[in-house]
>>> print(open('my_file_3.txt').read())   # compact mmCIF, C-alpha atoms and all ligand atoms
# COMPACT_ATOMS: atom_id res chain seq x y z
CA MET A 1 -7.69 -0.71 14.80
CA VAL A 2 -8.79 -3.81 12.87
CA ASP A 3 -11.11 -6.74 13.61
CA LEU A 4 -9.56 -9.70 11.85
CA LEU A 5 -11.26 -12.18 14.15
CA GLY A 6 -14.73 -10.75 13.44
CA GLN A 7 -14.00 -10.90 9.72
CA TYR A 8 -12.78 -14.51 9.97
CA GLN A 9 -15.88 -15.61 11.86
CA LYS A 10 -18.09 -14.51 8.96
CA ILE A 11 -16.18 -16.65 6.43
CA LYS A 12 -15.04 -19.36 8.85
CA THR A 13 -16.77 -22.32 7.16
CA GLU A 14 -15.21 -21.54 3.77
CA ILE A 15 -11.78 -20.69 5.20
CA ASP A 16 -11.54 -23.74 7.45
CA LYS A 17 -12.42 -26.08 4.60
CA ALA A 18 -9.95 -24.44 2.21
CA VAL A 19 -7.12 -24.53 4.75
CA LEU A 20 -7.76 -28.16 5.72
CA ASP A 21 -7.93 -29.14 2.05
CA VAL A 22 -4.47 -27.64 1.48
CA ILE A 23 -3.08 -29.52 4.46
CA ALA A 24 -4.59 -32.78 3.19
CA SER A 25 -3.26 -32.13 -0.32
CA SER A 26 0.31 -31.80 1.01
CA ALA A 27 1.07 -29.33 -1.84
CA TYR A 28 2.28 -26.60 0.49
CA ILE A 29 4.44 -24.61 -1.91
CA ASN A 30 3.41 -23.69 -5.47
CA GLY A 31 0.33 -25.87 -5.16
CA PRO A 32 -2.78 -25.47 -7.31
CA GLU A 33 -4.20 -22.88 -4.88
CA VAL A 34 -1.36 -20.51 -5.75
CA LYS A 35 -2.01 -20.87 -9.49
CA SER A 36 -5.76 -20.39 -9.03
CA PHE A 37 -5.29 -17.32 -6.84
CA GLN A 38 -2.87 -15.85 -9.36
CA LYS A 39 -5.38 -16.35 -12.18
CA GLU A 40 -8.30 -14.96 -10.16
CA LEU A 41 -6.33 -11.87 -9.15
CA GLU A 42 -5.27 -11.33 -12.79
CA ASP A 43 -8.95 -11.42 -13.78
CA TYR A 44 -10.00 -9.11 -10.94
CA LEU A 45 -7.30 -6.57 -11.78
CA HIS A 46 -7.58 -6.97 -15.58
CA CYS A 47 -3.84 -7.44 -15.49
CA LYS A 48 -1.90 -9.87 -17.68
CA HIS A 49 0.55 -11.14 -15.05
CA VAL A 50 0.33 -11.51 -11.29
CA ILE A 51 3.44 -13.01 -9.72
CA PRO A 52 2.85 -13.96 -6.07
CA CYS A 53 5.77 -13.57 -3.65
CA ALA A 54 6.55 -13.69 0.06
CA ASN A 55 5.66 -10.12 1.12
CA GLY A 56 5.25 -6.56 -0.12
CA THR A 57 8.82 -5.55 0.62
CA ASP A 58 10.11 -8.43 -1.51
CA ALA A 59 7.70 -7.39 -4.26
CA LEU A 60 9.33 -3.94 -4.39
CA GLN A 61 12.84 -5.39 -4.28
CA ILE A 62 12.17 -7.94 -7.02
CA ALA A 63 10.56 -5.24 -9.18
CA MET A 64 13.69 -3.09 -8.94
CA MET A 65 15.96 -6.08 -9.64
CA ALA A 66 13.85 -7.04 -12.66
CA LEU A 67 14.26 -3.56 -14.13
CA LYS A 68 18.06 -3.99 -13.94
CA LEU A 69 18.53 -0.80 -11.96
CA GLU A 70 22.21 -0.27 -11.16
CA PRO A 71 23.93 1.13 -8.06
CA GLY A 72 23.85 4.91 -8.25
CA ASP A 73 20.64 5.05 -10.29
CA GLU A 74 18.20 7.47 -8.70
CA VAL A 75 14.72 6.34 -7.70
CA ILE A 76 12.22 9.00 -6.65
CA THR A 77 9.63 8.32 -3.99
CA ALA A 78 7.54 10.12 -1.39
CA ASP A 79 9.00 11.15 1.96
CA PHE A 80 5.70 10.33 3.69
CA THR A 81 5.38 6.54 3.44
CA TYR A 82 6.14 3.27 5.14
CA ALA A 83 9.91 2.72 5.19
CA ALA A 84 9.78 -0.47 3.06
CA THR A 85 9.56 1.66 -0.08
CA ALA A 86 12.89 3.40 0.53
CA GLU A 87 14.46 0.41 2.27
CA VAL A 88 14.72 -1.72 -0.85
CA ILE A 89 16.08 1.23 -2.85
CA GLY A 90 18.88 1.55 -0.30
CA LEU A 91 19.40 -2.20 0.00
CA LEU A 92 20.06 -2.47 -3.76
CA ARG A 93 22.53 0.45 -3.50
CA LEU A 94 20.29 2.62 -5.63
CA THR A 95 19.92 6.24 -4.56
CA PRO A 96 16.58 7.15 -2.98
CA VAL A 97 15.47 10.66 -3.93
CA LEU A 98 12.73 11.89 -1.64
CA VAL A 99 10.05 14.43 -2.44
CA ASP A 100 7.25 15.99 -0.41
CA VAL A 101 3.57 15.04 -0.56
CA LEU A 102 0.33 16.95 -1.08
CA PRO A 103 -1.16 18.27 2.18
CA ASP A 104 -4.73 17.08 1.51
CA THR A 105 -4.45 13.64 -0.17
CA PHE A 106 -1.01 12.70 1.28
CA THR A 107 0.17 11.41 -2.13
CA ILE A 108 3.38 12.44 -3.92
CA ASP A 109 3.66 16.09 -5.02
CA LEU A 110 4.24 15.94 -8.77
CA ASP A 111 5.62 19.48 -9.13
CA ALA A 112 8.26 18.53 -6.56
CA LEU A 113 8.79 15.22 -8.35
CA GLU A 114 9.49 16.92 -11.69
CA LYS A 115 12.02 19.24 -10.07
CA ALA A 116 13.82 16.23 -8.54
CA ILE A 117 14.47 14.53 -11.89
CA THR A 118 18.14 14.41 -12.99
CA PRO A 119 19.95 12.56 -15.80
CA ARG A 120 20.54 9.69 -13.32
CA THR A 121 16.85 9.23 -12.48
CA LYS A 122 15.61 5.82 -13.61
CA ALA A 123 12.35 5.18 -11.80
CA ILE A 124 9.49 6.71 -9.83
CA VAL A 125 7.75 4.88 -7.00
CA PRO A 126 4.37 6.51 -6.34
CA VAL A 127 2.77 5.21 -3.13
CA HIS A 128 -1.02 4.91 -3.08
CA LEU A 129 -1.04 5.93 0.55
CA PHE A 130 -3.90 5.05 2.89
CA GLY A 131 -6.01 3.60 0.07
CA GLN A 132 -6.22 6.03 -2.82
CA CYS A 133 -4.10 6.38 -5.92
CA ALA A 134 -1.45 9.02 -6.46
CA GLN A 135 -2.18 11.27 -9.48
CA MET A 136 -1.24 8.53 -11.93
CA GLU A 137 -2.21 10.24 -15.18
CA ARG A 138 0.42 12.90 -14.59
CA VAL A 139 2.89 10.38 -13.12
CA MET A 140 2.67 8.47 -16.43
CA GLU A 141 3.06 11.68 -18.49
CA ILE A 142 6.18 12.62 -16.54
CA ALA A 143 7.53 9.07 -16.86
CA ARG A 144 7.01 9.04 -20.63
CA LYS A 145 8.59 12.46 -21.06
CA HIS A 146 11.72 11.51 -19.08
CA ASN A 147 11.81 7.82 -20.04
CA LEU A 148 11.41 6.52 -16.47
CA TYR A 149 10.01 3.29 -15.06
CA VAL A 150 7.02 3.53 -12.73
CA ILE A 151 6.75 1.08 -9.84
CA GLU A 152 3.42 1.52 -8.04
CA ASP A 153 3.45 0.72 -4.33
CA THR A 154 -0.14 -0.39 -3.94
CA ALA A 155 0.29 -2.22 -0.62
CA GLN A 156 -2.46 -0.02 0.84
CA ALA A 157 -4.76 0.42 -2.14
CA ILE A 158 -5.51 -2.93 -3.75
CA GLY A 159 -8.89 -2.73 -5.45
CA ALA A 160 -8.93 1.07 -5.88
CA ASP A 161 -9.88 2.32 -9.36
CA TYR A 162 -8.04 5.14 -11.10
CA HIS A 163 -10.02 7.12 -13.68
CA PHE A 164 -8.18 8.74 -16.60
CA SER A 165 -9.40 11.89 -18.32
CA ASP A 166 -10.18 9.90 -21.50
CA GLY A 167 -12.85 7.99 -19.57
CA THR A 168 -10.89 4.76 -19.11
CA SER A 169 -10.18 3.24 -15.70
CA ARG A 170 -7.51 0.93 -14.33
CA LYS A 171 -7.01 -0.83 -11.04
CA ALA A 172 -4.35 0.53 -8.69
CA GLY A 173 -1.06 -1.23 -9.38
CA THR A 174 -1.78 -2.01 -13.04
CA ILE A 175 -1.01 1.44 -14.48
CA GLY A 176 2.78 1.73 -14.19
CA THR A 177 5.53 -0.56 -15.46
CA ILE A 178 5.13 -2.78 -12.39
CA GLY A 179 2.78 -2.78 -9.39
CA CYS A 180 3.66 -4.18 -5.96
CA THR A 181 1.32 -5.19 -3.17
CA SER A 182 1.30 -6.81 0.26
CA PHE A 183 -1.08 -9.35 1.78
CA PHE A 184 0.01 -8.65 5.37
CA PRO A 185 -2.97 -9.55 7.59
CA SER A 186 -4.08 -5.94 8.24
CA LYS A 187 -3.92 -4.84 4.57
CA ASN A 188 -7.17 -4.54 2.63
CA LEU A 189 -6.60 -7.98 1.09
CA GLY A 190 -4.78 -9.72 3.92
CA CYS A 191 -3.86 -13.36 4.42
CA TYR A 192 -3.12 -15.17 7.69
CA GLY A 193 0.61 -14.66 7.57
CA ASP A 194 2.91 -12.92 5.10
CA GLY A 195 2.31 -12.58 1.38
CA GLY A 196 2.78 -10.23 -1.53
CA ALA A 197 2.46 -9.95 -5.29
CA ILE A 198 3.88 -8.18 -8.31
CA PHE A 199 1.73 -7.05 -11.26
CA THR A 200 2.76 -6.29 -14.83
CA ASN A 201 1.27 -6.31 -18.31
CA ASP A 202 4.72 -6.85 -19.90
CA ASP A 203 5.40 -10.51 -20.86
CA GLU A 204 9.18 -10.24 -20.86
CA LEU A 205 9.26 -8.44 -17.54
CA ALA A 206 6.89 -11.01 -16.02
CA ALA A 207 9.27 -13.80 -17.03
CA ARG A 208 12.20 -11.94 -15.45
CA ILE A 209 10.24 -11.30 -12.26
CA ARG A 210 9.34 -15.00 -11.97
CA MET A 211 12.93 -15.99 -12.55
CA ILE A 212 14.33 -13.55 -9.95
CA ALA A 213 11.74 -14.56 -7.33
CA ASN A 214 12.77 -18.19 -7.90
CA HIS A 215 16.55 -18.06 -7.22
CA GLY A 216 17.28 -16.65 -10.68
CA GLN A 217 16.38 -19.91 -12.38
CA SER A 218 14.15 -20.19 -15.42
CA VAL A 219 14.83 -23.94 -15.68
CA GLN A 220 15.23 -25.87 -12.43
CA TYR A 221 18.87 -26.00 -11.28
CA TYR A 222 20.03 -23.65 -14.06
CA HIS A 223 20.63 -20.22 -12.50
CA ASP A 224 20.88 -17.37 -14.99
CA GLU A 225 21.49 -14.66 -12.41
CA ILE A 226 21.46 -14.11 -8.68
CA GLY A 227 17.89 -13.97 -7.50
CA VAL A 228 16.00 -14.36 -4.25
CA ASN A 229 13.69 -16.94 -2.69
CA SER A 230 10.28 -15.34 -2.43
CA ARG A 231 7.04 -17.29 -2.73
CA LEU A 232 3.49 -17.27 -1.45
CA ASP A 233 2.57 -20.54 0.25
CA SER A 234 -0.52 -22.55 -0.67
CA LEU A 235 -2.27 -22.00 2.68
CA GLN A 236 -2.08 -18.23 2.25
CA ALA A 237 -3.23 -18.51 -1.37
CA ALA A 238 -6.26 -20.56 -0.25
CA VAL A 239 -7.20 -17.84 2.27
CA LEU A 240 -6.65 -15.09 -0.29
CA ARG A 241 -8.85 -16.80 -2.90
CA ILE A 242 -11.78 -16.60 -0.49
CA LYS A 243 -11.06 -13.07 0.69
CA LEU A 244 -10.61 -11.79 -2.89
CA ARG A 245 -14.28 -12.66 -3.55
CA HIS A 246 -15.19 -10.28 -0.71
CA LEU A 247 -12.73 -7.51 -1.53
CA ASP A 248 -15.21 -5.09 -3.12
CA GLU A 249 -17.70 -5.62 -0.33
CA TYR A 250 -14.89 -4.98 2.19
CA ALA A 251 -14.06 -1.72 0.39
CA SER A 252 -17.73 -0.68 0.64
CA ALA A 253 -17.76 -1.38 4.38
CA ARG A 254 -14.63 0.73 4.80
CA ASN A 255 -16.18 3.55 2.74
CA ARG A 256 -19.30 3.43 4.87
CA ALA A 257 -17.21 3.89 8.02
CA ALA A 258 -15.24 6.70 6.34
CA ASP A 259 -18.47 8.49 5.35
CA TYR A 260 -19.66 8.24 8.94
CA TYR A 261 -16.40 9.77 10.22
CA ASP A 262 -16.46 12.46 7.50
CA ASN A 263 -19.97 13.48 8.51
CA ALA A 264 -19.01 13.71 12.15
CA PHE A 265 -15.81 15.71 11.67
CA SER A 266 -16.09 17.70 8.42
CA ASP A 267 -17.22 20.93 10.07
CA HIS A 268 -14.93 20.77 13.06
CA PRO A 269 -12.23 23.48 13.00
CA ALA A 270 -9.78 21.41 15.08
CA VAL A 271 -9.38 18.66 12.45
CA THR A 272 -9.10 18.22 8.69
CA ILE A 273 -10.73 15.11 7.24
CA PRO A 274 -8.84 13.13 4.57
CA ALA A 275 -9.41 14.61 1.10
CA ARG A 276 -10.57 12.35 -1.70
CA GLU A 277 -8.64 12.45 -4.94
CA LYS A 278 -11.24 12.97 -7.67
CA SER A 279 -9.53 10.63 -10.16
CA SER A 280 -9.33 7.70 -7.74
CA THR A 281 -11.74 5.70 -5.68
CA HIS A 282 -10.65 5.33 -2.06
CA VAL A 283 -10.46 1.95 -0.33
CA PHE A 284 -9.61 3.47 3.08
CA HIS A 285 -6.78 1.32 4.27
CA GLN A 286 -6.53 4.05 6.90
CA TYR A 287 -8.81 6.90 7.95
CA THR A 288 -6.41 9.65 8.89
CA LEU A 289 -7.25 13.00 10.43
CA VAL A 290 -4.89 15.99 10.56
CA LEU A 291 -5.11 17.92 13.82
CA ASN A 292 -5.10 21.70 13.67
CA GLY A 293 -3.47 22.80 16.92
CA LYS A 294 -4.71 20.05 19.23
CA ASP A 295 -2.20 17.94 21.17
CA ARG A 296 -1.99 14.60 19.41
CA ASN A 297 -0.51 12.60 22.25
CA ALA A 298 -3.18 13.91 24.59
CA MET A 299 -5.82 12.81 22.05
CA LYS A 300 -4.31 9.34 21.70
CA GLU A 301 -4.19 8.96 25.49
CA PHE A 302 -7.73 10.28 25.92
CA LEU A 303 -9.04 7.82 23.32
CA ALA A 304 -7.09 4.96 24.91
CA SER A 305 -8.65 5.78 28.28
CA LYS A 306 -12.05 5.33 26.60
CA GLY A 307 -11.02 2.02 25.04
CA VAL A 308 -10.62 3.48 21.53
CA PRO A 309 -7.33 2.65 19.78
CA ALA A 310 -5.65 5.21 17.50
CA MET A 311 -2.38 4.99 15.62
CA ILE A 312 0.17 7.40 14.16
CA TYR A 313 1.01 6.56 10.54
CA TYR A 314 3.79 7.77 10.35
CA PRO A 315 5.49 9.60 13.21
CA VAL A 316 8.84 10.29 11.51
CA PRO A 317 9.45 11.38 7.89
CA LEU A 318 11.87 9.16 5.99
CA HIS A 319 14.51 11.91 5.69
CA LEU A 320 14.64 12.23 9.49
CA GLN A 321 14.93 8.48 10.17
CA LYS A 322 18.28 7.34 11.50
CA ALA A 323 18.65 4.67 8.81
CA TYR A 324 17.95 7.13 5.99
CA THR A 325 20.04 10.04 7.22
CA ASP A 326 21.65 11.63 4.19
CA PRO A 327 23.76 14.77 3.89
CA ARG A 328 21.47 15.88 1.04
CA TYR A 329 18.53 16.26 3.45
CA ARG A 330 17.91 18.16 6.66
CA GLU A 331 15.03 19.14 8.89
CA GLY A 332 12.74 21.61 7.12
CA ASP A 333 13.34 20.19 3.63
CA PHE A 334 9.90 18.57 3.33
CA PRO A 335 7.60 20.86 5.33
CA ILE A 336 4.30 19.15 4.42
CA THR A 337 5.54 15.69 5.42
CA GLU A 338 7.06 17.10 8.60
CA ARG A 339 3.78 18.82 9.50
CA LEU A 340 1.77 15.67 8.73
CA CYS A 341 4.06 13.44 10.77
CA ALA A 342 3.53 15.77 13.72
CA ASN A 343 -0.25 16.05 13.38
CA VAL A 344 -1.83 12.96 11.81
CA ILE A 345 -3.85 10.42 13.75
CA SER A 346 -5.59 7.36 12.30
CA LEU A 347 -8.85 6.04 13.73
CA PRO A 348 -10.04 2.43 13.80
CA MET A 349 -10.89 1.36 10.24
CA HIS A 350 -11.92 -2.11 9.17
CA THR A 351 -14.58 -4.21 7.51
CA GLU A 352 -16.61 -5.07 10.60
CA MET A 353 -17.47 -1.62 12.00
CA ASN A 354 -21.07 -1.21 13.08
CA ASP A 355 -23.05 1.97 13.80
CA GLU A 356 -22.77 1.51 17.53
CA GLN A 357 -18.97 1.41 17.37
CA LEU A 358 -18.82 4.34 14.96
CA ALA A 359 -21.14 6.42 17.16
CA TYR A 360 -19.03 5.67 20.22
CA ILE A 361 -15.69 6.40 18.53
CA THR A 362 -16.90 9.66 16.97
CA SER A 363 -18.42 10.83 20.27
CA CYS A 364 -15.12 10.17 22.07
CA VAL A 365 -13.16 12.03 19.37
CA LEU A 366 -15.58 14.99 19.47
CA GLU A 367 -15.45 15.07 23.25
CA PHE A 368 -11.68 15.49 23.02
CA LEU A 369 -11.81 18.04 20.19
CA ASN A 370 -14.36 20.15 22.07
CA SER A 371 -12.44 20.07 25.33
C1 LIG A 401 2.82 -2.82 4.13
C2 LIG A 401 3.55 -1.97 3.18
C3 LIG A 401 4.69 -2.43 2.50
C4 LIG A 401 5.40 -3.71 2.83
O1 LIG A 401 4.65 -4.84 2.82
P1 LIG A 401 5.12 -6.12 3.70
O2 LIG A 401 4.24 -7.22 3.20
O3 LIG A 401 4.88 -5.79 5.12
O4 LIG A 401 6.55 -6.37 3.40
C5 LIG A 401 5.26 -1.59 1.55
N1 LIG A 401 4.75 -0.38 1.29
C6 LIG A 401 3.68 0.11 1.94
C7 LIG A 401 3.17 1.45 1.58
C8 LIG A 401 3.05 -0.67 2.91
O5 LIG A 401 1.98 -0.18 3.55
>>> encode(input="my_file_3.txt", output="structure tokens")
Amino acid sequence: MVDLLGQYQKIKTEIDKAVLDVIASSAYINGPEVKSFQKELEDYLHCKHVIPCANGTDALQIAMMALKLEPGDEVITADFTYAATAEVIGLLRLTPVLVDVLPDTFTIDLDALEKAITPRTKAIVPVHLFGQCAQMERVMEIARKHNLYVIEDTAQAIGADYHFSDGTSRKAGTIGTIGCTSFFPSKNLGCYGDGGAIFTNDDELAARIRMIANHGQSVQYYHDEIGVNSRLDSLQAAVLRIKLRHLDEYASARNRAADYYDNAFSDHPAVTIPAREKSSTHVFHQYTLVLNGKDRNAMKEFLASKGVPAMIYYPVPLHLQKAYTDPRYREGDFPITERLCANVISLPMHTEMNDEQLAYITSCVLEFLNS
């Protein structure tokens, strides 16, 4: 699905030096590499504050703690996402309110979102699924109208640009109150272990986020509130500094592969290619097809027999997961998500795909679809 080794080999000289320099410096936590990466990511995103942390799930949790959300407050998110989004809502004893997604772009359905708002709603968590932004202009309008916080889950879309109707653009994750991302190795900006970051343009909120991520202390050994321990280590920051310089080029490589797939499959009646949201660029964290009537497991097995990996993101909607069972929800409540979970299949997508690989993968997929 990804070729992290191939990607490493191309930047090996730079990476090896940076990693060895960190080891020799012995500044393993909060070293200068972390500060430099933070600054460079702030510049790249045109965002005032980047607060690195240990992973994307922590980023979401710290964001919700920083906003002082209280048990019972409702937080609306999409039913079709990675569980981390809803997990932290539940962990903090907030109430997750799920809504369906759009069938073509897989991002949150904003008509459904508006209907789900109640007097207890405090925040919206749009997920920029598979690499393109949710419809953020309208998300922000709804948030303003109902006085809600917006926490963008941009774990899959770092580097994507969102275009507003007034002609301005912003990077994914820098539009809402807070943005959260992950540097898990397979993400678009991945390190060689775990990592994450929180983005905000609000000075006061940034200070709170830093304090919470650092055991609730703003001055060492003086704890103002109960926080967590969540930090990015210097080795990961050193790797990320190098990979950040390649991020746009990586997005182009992913788009090139996506265009190739689109061309091969756009006219085929047995599949629907992923739609592109016109207000957002797409950084193709995943390239996900929706099957129309074909047996997905048979396709996955057929591809595996040809040496082509494929993955199902995600096989079970949140509302049908054992951990998120809730008397408010039952099967049939979110028909689009349920249909997608039964019919999506993601093809290999990474920065190192060459024409030979793309030709082979598409021919195997077409062979199955035509059978
Ligand atoms: C990966 C991911 C996360 C969690 O990130 P981790 O670094 O693995 O904790 C959260 N949300 C989405 C949408 C993700 O894809």
>>> closest_atom_pairs(input="my_file_3.txt", of="chain A", to="ligand LIG 401 (chain A)", cutoff="10 Å", atoms="all atoms listed in the file", output="Markdown table")
| residue | atom | partner | partner_atom | distance |
| --- | --- | --- | --- | --- |
| A:Cys53 | CA | A:LIG401 | O2 | 9.5 |
| A:Ala54 | CA | A:LIG401 | O2 | 7.6 |
| A:Asn55 | CA | A:LIG401 | O2 | 3.8 |
| A:Gly56 | CA | A:LIG401 | O1 | 3.5 |
| A:Thr57 | CA | A:LIG401 | O4 | 3.7 |
| A:Asp58 | CA | A:LIG401 | O4 | 6.4 |
| A:Ala59 | CA | A:LIG401 | O4 | 7.8 |
| A:Leu60 | CA | A:LIG401 | C5 | 7.6 |
| A:Gln61 | CA | A:LIG401 | O4 | 10.0 |
| A:Phe80 | CA | A:LIG401 | C7 | 9.5 |
| A:Thr81 | CA | A:LIG401 | C7 | 5.9 |
| A:Tyr82 | CA | A:LIG401 | C7 | 5.0 |
| A:Ala83 | CA | A:LIG401 | N1 | 7.2 |
| A:Ala84 | CA | A:LIG401 | C5 | 4.9 |
| A:Thr85 | CA | A:LIG401 | N1 | 5.4 |
| A:Ala86 | CA | A:LIG401 | N1 | 9.0 |
| A:Glu87 | CA | A:LIG401 | C5 | 9.4 |
| A:Val88 | CA | A:LIG401 | C5 | 9.8 |
| A:Pro126 | CA | A:LIG401 | C7 | 9.5 |
| A:Val127 | CA | A:LIG401 | C7 | 6.0 |
| A:His128 | CA | A:LIG401 | C7 | 7.2 |
| A:Leu129 | CA | A:LIG401 | C7 | 6.2 |
| A:Phe130 | CA | A:LIG401 | O5 | 7.9 |
| A:Gly131 | CA | A:LIG401 | O5 | 9.5 |
| A:Glu152 | CA | A:LIG401 | N1 | 9.6 |
| A:Asp153 | CA | A:LIG401 | N1 | 5.9 |
| A:Thr154 | CA | A:LIG401 | C7 | 6.7 |
| A:Ala155 | CA | A:LIG401 | C8 | 4.7 |
| A:Gln156 | CA | A:LIG401 | O5 | 5.2 |
| A:Ala157 | CA | A:LIG401 | C7 | 8.8 |
| A:Cys180 | CA | A:LIG401 | C5 | 8.1 |
| A:Thr181 | CA | A:LIG401 | O1 | 6.9 |
| A:Ser182 | CA | A:LIG401 | O2 | 4.2 |
| A:Phe183 | CA | A:LIG401 | O2 | 5.9 |
| A:Phe184 | CA | A:LIG401 | O2 | 5.0 |
| A:Pro185 | CA | A:LIG401 | O2 | 8.8 |
| A:Ser186 | CA | A:LIG401 | C1 | 8.6 |
| A:Lys187 | CA | A:LIG401 | C1 | 7.0 |
| A:Gly190 | CA | A:LIG401 | O2 | 9.4 |
| A:Gly193 | CA | A:LIG401 | O2 | 9.4 |
| A:Asp194 | CA | A:LIG401 | O2 | 6.2 |
| A:Gly195 | CA | A:LIG401 | O2 | 6.0 |
| A:Gly196 | CA | A:LIG401 | O2 | 5.8 |
| A:Ala197 | CA | A:LIG401 | O2 | 9.1 |
| A:His285 | CA | A:LIG401 | O5 | 8.9 |
| A:Tyr313 | CA | A:LIG401 | O5 | 9.8 |
>>> residues_around(input="my_file_3.txt", residues="Arg276 (chain A)", least_positions_apart="5", cutoff="8 Å", atoms="only C-alpha atoms", output="VMD selection string")
chain A and resid 105 132 281 to 282
>>> closest_residue(input="my_file_3.txt", among="A:Phe334, A:Arg339, A:Leu205, A:Met353", to="Tyr260 (chain A)", atoms="only C-alpha atoms")
A:Met353
>>> closest_residue(input="my_file_3.txt", among="A:Ile242, A:Gly173, A:Glu331, A:Lys294", to="Thr272 (chain A)", atoms="only C-alpha atoms")
A:Lys294
>>> closest_atom_pairs(input="my_file_3.txt", of="region 129-231 of chain A", to="region 66-70 of chain A", cutoff="10 Å", atoms="only C-alpha atoms", output="CSV")
residue,atom,partner,partner_atom,distance
A:Tyr149,CA,A:Leu67,CA,8.1
A:Ile151,CA,A:Leu67,CA,9.8
A:Thr177,CA,A:Leu67,CA,9.3
A:Ile178,CA,A:Leu67,CA,9.3
A:Glu204,CA,A:Ala66,CA,10.0
A:Leu205,CA,A:Ala66,CA,6.8
A:Ala206,CA,A:Ala66,CA,8.7
A:Ala207,CA,A:Ala66,CA,9.3
A:Arg208,CA,A:Ala66,CA,5.9
A:Ile209,CA,A:Ala66,CA,5.6
A:Arg210,CA,A:Ala66,CA,9.2
A:Met211,CA,A:Ala66,CA,9.0
A:Ile212,CA,A:Ala66,CA,7.1
A:Ala213,CA,A:Ala66,CA,9.5
A:Gly227,CA,A:Ala66,CA,9.5
>>> residues_near_point(input="my_file_3.txt", point="(-15.0, -8.1, 10.8)", cutoff="12 Å", atoms="only C-alpha atoms", output="ChimeraX atom specification")
/A:1-12,186,188,243,246,249-250,253-254,349-354
>>> atom_distance(input="my_file_3.txt", atom1="CA of Ala257 (chain A)", atom2="CA of Phe284 (chain A)")
9.1 Å
>>> closest_residue(input="my_file_3.txt", among="A:Arg241, A:Arg330, A:Arg170, A:Arg144", to="Leu318 (chain A)", atoms="all atoms listed in the file")
A:Arg330
>>> closest_residue(input="my_file_3.txt", among="A:Phe368, A:Tyr28, A:Tyr314, A:Phe37", to="Leu240 (chain A)", atoms="all atoms listed in the file")
A:Phe37
>>> closest_residue(input="my_file_3.txt", among="A:Asp79, A:Leu358, A:Pro52, A:Thr325", to="Glu40 (chain A)", atoms="all atoms listed in the file")
A:Pro52
>>> atom_distance(input="my_file_3.txt", atom1="CA of Phe302 (chain A)", atom2="CA of Val316 (chain A)")
22.0 Å
>>> atom_distance(input="my_file_3.txt", atom1="CA of Met311 (chain A)", atom2="CA of Gln286 (chain A)")
9.7 Å
>>> residues_around(input="my_file_3.txt", residues="Gly167 (chain A)", least_positions_apart="5", cutoff="12 Å", atoms="only C-alpha atoms", output="list in words")
Glu137, Tyr162 and Ser279 of chain A
>>> closest_residue(input="my_file_3.txt", among="A:Gly307, A:Pro327, A:Pro96, A:Pro317", to="Gln357 (chain A)", atoms="all atoms listed in the file")
A:Gly307
>>> residues_around(input="my_file_3.txt", residues="Phe265 (chain A)", least_positions_apart="3", cutoff="10 Å", atoms="only C-alpha atoms", output="ChimeraX atom specification")
/A:259-262,268-273,289,362,365-366,369
>>> residues_around(input="my_file_3.txt", residues="Pro309 (chain A)", least_positions_apart="6", cutoff="8 Å", atoms="all atoms listed in the file", output="ChimeraX atom specification")
/A:1,300,303,347-348
>>> write_last_selection(input="my_file_3.txt", atoms="C-alpha atoms", output="PDB file, in the coordinates of the input")
ATOM      1  CA  MET A   1      -7.690  -0.710  14.800  1.00  0.00           C
ATOM      2  CA  LYS A 300      -4.310   9.340  21.700  1.00  0.00           C
ATOM      3  CA  LEU A 303      -9.040   7.820  23.320  1.00  0.00           C
ATOM      4  CA  LEU A 347      -8.850   6.040  13.730  1.00  0.00           C
ATOM      5  CA  PRO A 348     -10.040   2.430  13.800  1.00  0.00           C
TER       6      PRO A 348
END
>>> build_atoms(input="my_file_3.txt", residues="region 364-369 of chain A", atoms="N, CA, C and O atoms", output="short mmCIF file (atom, residue, chain, number, x, y, z; two decimals), in the coordinates of the input")
data_model
loop_
_atom_site.label_atom_id
_atom_site.label_comp_id
_atom_site.auth_asym_id
_atom_site.auth_seq_id
_atom_site.Cartn_x
_atom_site.Cartn_y
_atom_site.Cartn_z
N CYS A 364 -16.36 10.01 21.28
CA CYS A 364 -15.12 10.17 22.07
C CYS A 364 -14.18 11.18 21.41
O CYS A 364 -13.60 12.04 22.08
N VAL A 365 -14.04 11.09 20.09
CA VAL A 365 -13.16 12.03 19.37
C VAL A 365 -13.69 13.46 19.54
O VAL A 365 -12.93 14.38 19.86
N LEU A 366 -15.00 13.63 19.36
CA LEU A 366 -15.58 14.99 19.47
C LEU A 366 -15.45 15.52 20.89
O LEU A 366 -15.18 16.71 21.08
N GLU A 367 -15.60 14.64 21.87
CA GLU A 367 -15.45 15.07 23.25
C GLU A 367 -14.04 15.64 23.47
O GLU A 367 -13.87 16.71 24.07
N PHE A 368 -13.05 14.98 22.90
CA PHE A 368 -11.68 15.49 23.02
C PHE A 368 -11.51 16.81 22.26
O PHE A 368 -10.98 17.78 22.78
N LEU A 369 -12.01 16.84 21.02
CA LEU A 369 -11.81 18.04 20.19
C LEU A 369 -12.51 19.26 20.79
O LEU A 369 -12.04 20.39 20.64
#
